[in-house]
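Right, one structure below, let's go through it.
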Amino acid sequence: GGGMTLDMYCHWNYVLENLFGRVEAVSSKAVTHIHERWDEQGDRYEATADDAAYGIFELEGDIIAQINSSWAVRVDRGELVEFQVDGTLGSAVAGLFGCKVQPRVNTPKPVWNPDLPTDQDFPSQWTQIPDNQEFTNGFRAQWEQFLQDVAAGRQHPYDLAAGVRGLQLVDAGLQSSNEGRRVEITAVGA
């Protein structure tokens, strides 16, 4: 019975919370774009789970994040997942394996003319950030940190309340989609 909202909003919660701030409200639309699918034996079935979720997340500090999640999309970007962050001093596009930036002082001012194709090479106007170390798989690194904390008797920073906050965002996202409205979140343990 799980769908895209259940699968991904719990992940988006800890990504947003740990990079930018706690999620305070969500406006979401969960949809099923592909209504029939086939299982591993080739048998057709009616799909009932949402395969896409479109969310606007309001974070503490007046930060807005917009994330589209879909199992029904074709990839046309540098990595399978990329996040673009725009701020007053510049922008960054980060994936699982790379990051490129465009500082405000290096941002060209393109002129939009709907009658002419642009002559600017937008991707070349970004600077790739070099890796200063090799990173292991993020899920593996998290498990290693957890096991090290357990072995040392330390409190792990991502406790049960962190997991509950992820599920609160899932519930709020589904409620928002079902009711067609913005839903505020009172986070546990925040």
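In the structure tokens, the first chain shown is A, the next is B, and so on; residue numbers restart at 1 for each chain, and ligands run from 1 in the order shown.
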
Spatial neighbours of Met8 (chain A), max dist 9 Å, only C-alpha atoms, sep filter under 5 positions, as a ChimeraX atom specification
/A:3,13,53,69,170

Strand (DSSP E or B) per DSSP on the backbone: members of region 66-164 of chain A, as number ranges by chain
A: 66-70, 82-87, 90-95, 99-103, 127-128

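With only C-alpha atoms as the atoms that count, the residue of A:Gln133, A:Thr127, A:Tyr14, A:Ile56 with the shortest distance to Asp159 (chain A) is A:Tyr14.
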
Just give me the gap between CA of Val81 (chain A) and CA of Ala94 (chain A) in Å, one decimal is fine.
8.5 Å

Can you work out which one of A:Gly55, A:Gly189, A:Gly138, A:Pro114 has the shortest atom-to-atom distance to Ser28 (chain A), counting only C-alpha atoms?
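The closest residue to Ser28 (chain A) is A:Gly55.
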
Just to confirm, what's the straight-line distance from CA of Gly61 (chain A) to CA of Met4 (chain A) in Å (one decimal)?
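That distance, rounded to one decimal, is 27.1 Å.
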
Shell around Arg165 (chain A) at 7 Å using only C-alpha atoms, local window under 4 positions removed, as a ChimeraX atom specification:
/A:161,169,187-188

Could you tell me which of A:Gln66, A:Gln120, A:Gln128, A:Trp112 comes closest to Gly95 (chain A) if we count only C-alpha atoms?
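Smallest distance to Gly95 (chain A) is found for A:Gln128.
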
Pull the alpha helix (DSSP H) assignments for region 76-179 of chain A out of DSSP run on the backbone, and list those residues as a PDB file with N, CA and C atoms, in the first residue's frame.
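Output file selection13.pdb follows:
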ATOM      1  N   GLY A 138      26.349   6.830   1.698  1.00  0.00           N
ATOM      2  CA  GLY A 138      25.755   7.558   2.813  1.00  0.00           C
ATOM      3  C   GLY A 138      25.009   6.675   3.790  1.00  0.00           C
ATOM      4  N   PHE A 139      24.280   5.676   3.287  1.00  0.00           N
ATOM      5  CA  PHE A 139      23.545   4.779   4.180  1.00  0.00           C
ATOM      6  C   PHE A 139      24.520   3.939   5.005  1.00  0.00           C
ATOM      7  N   ARG A 140      25.602   3.490   4.371  1.00  0.00           N
ATOM      8  CA  ARG A 140      26.620   2.738   5.104  1.00  0.00           C
ATOM      9  C   ARG A 140      27.250   3.609   6.192  1.00  0.00           C
ATOM     10  N   ALA A 141      27.585   4.851   5.829  1.00  0.00           N
ATOM     11  CA  ALA A 141      28.204   5.767   6.798  1.00  0.00           C
ATOM     12  C   ALA A 141      27.279   5.994   7.994  1.00  0.00           C
ATOM     13  N   GLN A 142      25.970   6.139   7.732  1.00  0.00           N
ATOM     14  CA  GLN A 142      25.027   6.332   8.836  1.00  0.00           C
ATOM     15  C   GLN A 142      24.964   5.108   9.730  1.00  0.00           C
ATOM     16  N   TRP A 143      24.945   3.913   9.146  1.00  0.00           N
ATOM     17  CA  TRP A 143      24.935   2.691   9.952  1.00  0.00           C
ATOM     18  C   TRP A 143      26.200   2.584  10.787  1.00  0.00           C
ATOM     19  N   GLU A 144      27.346   2.913  10.192  1.00  0.00           N
ATOM     20  CA  GLU A 144      28.602   2.850  10.935  1.00  0.00           C
ATOM     21  C   GLU A 144      28.592   3.819  12.120  1.00  0.00           C
ATOM     22  N   GLN A 145      28.086   5.035  11.891  1.00  0.00           N
ATOM     23  CA  GLN A 145      27.998   6.012  12.981  1.00  0.00           C
ATOM     24  C   GLN A 145      27.083   5.509  14.089  1.00  0.00           C
ATOM     25  N   PHE A 146      25.950   4.933  13.707  1.00  0.00           N
ATOM     26  CA  PHE A 146      25.006   4.411  14.684  1.00  0.00           C
ATOM     27  C   PHE A 146      25.654   3.298  15.517  1.00  0.00           C
ATOM     28  N   LEU A 147      26.293   2.342  14.843  1.00  0.00           N
ATOM     29  CA  LEU A 147      26.916   1.223  15.552  1.00  0.00           C
ATOM     30  C   LEU A 147      28.056   1.694  16.453  1.00  0.00           C
ATOM     31  N   GLN A 148      28.826   2.690  16.001  1.00  0.00           N
ATOM     32  CA  GLN A 148      29.896   3.241  16.837  1.00  0.00           C
ATOM     33  C   GLN A 148      29.320   3.898  18.090  1.00  0.00           C
ATOM     34  N   ASP A 149      28.206   4.627  17.939  1.00  0.00           N
ATOM     35  CA  ASP A 149      27.573   5.271  19.093  1.00  0.00           C
ATOM     36  C   ASP A 149      27.030   4.232  20.072  1.00  0.00           C
ATOM     37  N   VAL A 150      26.413   3.169  19.541  1.00  0.00           N
ATOM     38  CA  VAL A 150      25.891   2.112  20.409  1.00  0.00           C
ATOM     39  C   VAL A 150      27.040   1.443  21.167  1.00  0.00           C
ATOM     40  N   ALA A 151      28.114   1.106  20.443  1.00  0.00           N
ATOM     41  CA  ALA A 151      29.264   0.428  21.076  1.00  0.00           C
ATOM     42  C   ALA A 151      29.920   1.311  22.133  1.00  0.00           C
ATOM     43  N   ALA A 152      29.927   2.631  21.911  1.00  0.00           N
ATOM     44  CA  ALA A 152      30.560   3.556  22.864  1.00  0.00           C
ATOM     45  C   ALA A 152      29.599   4.029  23.951  1.00  0.00           C
ATOM     46  N   LEU A 160      14.588   8.274  17.978  1.00  0.00           N
ATOM     47  CA  LEU A 160      13.229   7.910  17.605  1.00  0.00           C
ATOM     48  C   LEU A 160      12.420   9.138  17.203  1.00  0.00           C
ATOM     49  N   ALA A 161      12.633  10.269  17.873  1.00  0.00           N
ATOM     50  CA  ALA A 161      11.892  11.495  17.533  1.00  0.00           C
ATOM     51  C   ALA A 161      12.196  11.944  16.101  1.00  0.00           C
ATOM     52  N   ALA A 162      13.434  11.745  15.647  1.00  0.00           N
ATOM     53  CA  ALA A 162      13.784  12.098  14.270  1.00  0.00           C
ATOM     54  C   ALA A 162      12.988  11.243  13.286  1.00  0.00           C
ATOM     55  N   GLY A 163      12.851   9.949  13.589  1.00  0.00           N
ATOM     56  CA  GLY A 163      12.039   9.074  12.752  1.00  0.00           C
ATOM     57  C   GLY A 163      10.574   9.459  12.766  1.00  0.00           C
ATOM     58  N   VAL A 164      10.078   9.837  13.935  1.00  0.00           N
ATOM     59  CA  VAL A 164       8.683  10.264  14.061  1.00  0.00           C
ATOM     60  C   VAL A 164       8.439  11.522  13.229  1.00  0.00           C
ATOM     61  N   ARG A 165       9.397  12.456  13.231  1.00  0.00           N
ATOM     62  CA  ARG A 165       9.232  13.680  12.433  1.00  0.00           C
ATOM     63  C   ARG A 165       9.127  13.353  10.945  1.00  0.00           C
ATOM     64  N   GLY A 166       9.879  12.359  10.493  1.00  0.00           N
ATOM     65  CA  GLY A 166       9.768  11.931   9.102  1.00  0.00           C
ATOM     66  C   GLY A 166       8.384  11.403   8.785  1.00  0.00           C
ATOM     67  N   LEU A 167       7.840  10.598   9.677  1.00  0.00           N
ATOM     68  CA  LEU A 167       6.497  10.059   9.461  1.00  0.00           C
ATOM     69  C   LEU A 167       5.426  11.134   9.618  1.00  0.00           C
ATOM     70  N   GLN A 168       5.678  12.133  10.474  1.00  0.00           N
ATOM     71  CA  GLN A 168       4.741  13.268  10.569  1.00  0.00           C
ATOM     72  C   GLN A 168       4.653  13.980   9.222  1.00  0.00           C
ATOM     73  N   LEU A 169       5.793  14.134   8.554  1.00  0.00           N
ATOM     74  CA  LEU A 169       5.776  14.802   7.248  1.00  0.00           C
ATOM     75  C   LEU A 169       5.031  13.960   6.227  1.00  0.00           C
ATOM     76  N   VAL A 170       5.206  12.647   6.272  1.00  0.00           N
ATOM     77  CA  VAL A 170       4.446  11.761   5.384  1.00  0.00           C
ATOM     78  C   VAL A 170       2.950  11.960   5.611  1.00  0.00           C
ATOM     79  N   ASP A 171       2.517  11.886   6.876  1.00  0.00           N
ATOM     80  CA  ASP A 171       1.095  12.049   7.193  1.00  0.00           C
ATOM     81  C   ASP A 171       0.572  13.419   6.767  1.00  0.00           C
ATOM     82  N   ALA A 172       1.358  14.466   7.033  1.00  0.00           N
ATOM     83  CA  ALA A 172       0.938  15.825   6.653  1.00  0.00           C
ATOM     84  C   ALA A 172       0.863  15.959   5.139  1.00  0.00           C
ATOM     85  N   GLY A 173       1.812  15.352   4.414  1.00  0.00           N
ATOM     86  CA  GLY A 173       1.787  15.394   2.954  1.00  0.00           C
ATOM     87  C   GLY A 173       0.564  14.696   2.390  1.00  0.00           C
ATOM     88  N   LEU A 174       0.229  13.538   2.936  1.00  0.00           N
ATOM     89  CA  LEU A 174      -0.968  12.819   2.472  1.00  0.00           C
ATOM     90  C   LEU A 174      -2.237  13.576   2.836  1.00  0.00           C
ATOM     91  N   GLN A 175      -2.282  14.159   4.031  1.00  0.00           N
ATOM     92  CA  GLN A 175      -3.440  14.963   4.439  1.00  0.00           C
ATOM     93  C   GLN A 175      -3.589  16.168   3.520  1.00  0.00           C
ATOM     94  N   SER A 176      -2.497  16.837   3.223  1.00  0.00           N
ATOM     95  CA  SER A 176      -2.529  17.995   2.331  1.00  0.00           C
ATOM     96  C   SER A 176      -3.078  17.609   0.965  1.00  0.00           C
ATOM     97  N   SER A 177      -2.598  16.489   0.437  1.00  0.00           N
ATOM     98  CA  SER A 177      -3.064  16.040  -0.873  1.00  0.00           C
ATOM     99  C   SER A 177      -4.546  15.685  -0.847  1.00  0.00           C
ATOM    100  N   ASN A 178      -4.966  14.960   0.173  1.00  0.00           N
ATOM    101  CA  ASN A 178      -6.365  14.535   0.265  1.00  0.00           C
ATOM    102  C   ASN A 178      -7.328  15.708   0.451  1.00  0.00           C
ATOM    103  N   GLU A 179      -6.895  16.713   1.231  1.00  0.00           N
ATOM    104  CA  GLU A 179      -7.780  17.839   1.544  1.00  0.00           C
ATOM    105  C   GLU A 179      -7.543  19.051   0.650  1.00  0.00           C
TER     106      GLU A 179
END

Counting only C-alpha atoms, closest pick from A:Arg154, A:Lys109, A:Glu82, A:Gly98 relative to Pro130 (chain A) is A:Gly98

Quick one: residues within 12 Å of Ser124 (chain A), only C-alpha atoms, excluding same-chain residues fewer than 4 positions away - as a CSV table (one decimal) with N, CA and C atoms, in the first residue's frame?
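Okay, this is what ended up in selection_12.csv:
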chain,number,residue,atom,x,y,z
A,100,LYS,N,28.2,21.6,-8.1
A,100,LYS,CA,28.6,22.8,-8.9
A,100,LYS,C,28.0,24.0,-8.4
A,101,VAL,N,28.6,25.1,-8.5
A,101,VAL,CA,28.1,26.4,-7.9
A,101,VAL,C,28.2,27.5,-9.0
A,102,GLN,N,27.4,28.5,-8.7
A,102,GLN,CA,27.4,29.8,-9.5
A,102,GLN,C,27.3,30.9,-8.5
A,106,ASN,N,29.4,35.9,-10.3
A,106,ASN,CA,29.7,35.3,-11.6
A,106,ASN,C,28.4,35.0,-12.4
A,107,THR,N,27.3,35.4,-11.9
A,107,THR,CA,26.0,35.1,-12.6
A,107,THR,C,25.8,36.0,-13.7
A,108,PRO,N,25.8,35.5,-15.0
A,108,PRO,CA,25.5,36.4,-16.1
A,108,PRO,C,24.0,36.8,-16.1
A,120,GLN,N,23.5,31.4,-25.2
A,120,GLN,CA,24.3,31.2,-24.0
A,120,GLN,C,24.4,29.7,-23.7
A,128,GLN,N,32.5,23.5,-11.2
A,128,GLN,CA,32.5,22.2,-10.5
A,128,GLN,C,33.3,22.3,-9.2

Looking at A:Val31, A:Ala25, A:Cys99, A:Val75, which one is nearest to Asp51 (chain A), with distances taken over only C-alpha atoms?
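Closest candidate: A:Val31.
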
Counting only C-alpha atoms, which residue out of A:Tyr45, A:Phe97, A:Trp71, A:Tyr158 sits closest to Phe83 (chain A)?
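Among the listed residues, A:Phe97 lies closest to Phe83 (chain A).
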
Any idea what's packed within 8 Å of Ala72 (chain A), counting only C-alpha atoms, ignoring anything in its chain fewer than 6 positions away? Could you give it as a list of chain:residue names?
A:His33, A:Ile34, A:Asp51, A:Ala52

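Put simply, CA of Glu58 (chain A) is 16.6 Å away from CA of Thr5 (chain A).
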
Shell of 8 Å around Arg104 (chain A), only C-alpha atoms, local chain residues under 5 positions omitted, as a list in words
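Here the qualifying residues turn out to be Thr88, Leu89, Gly90 and Ser91 of chain A.
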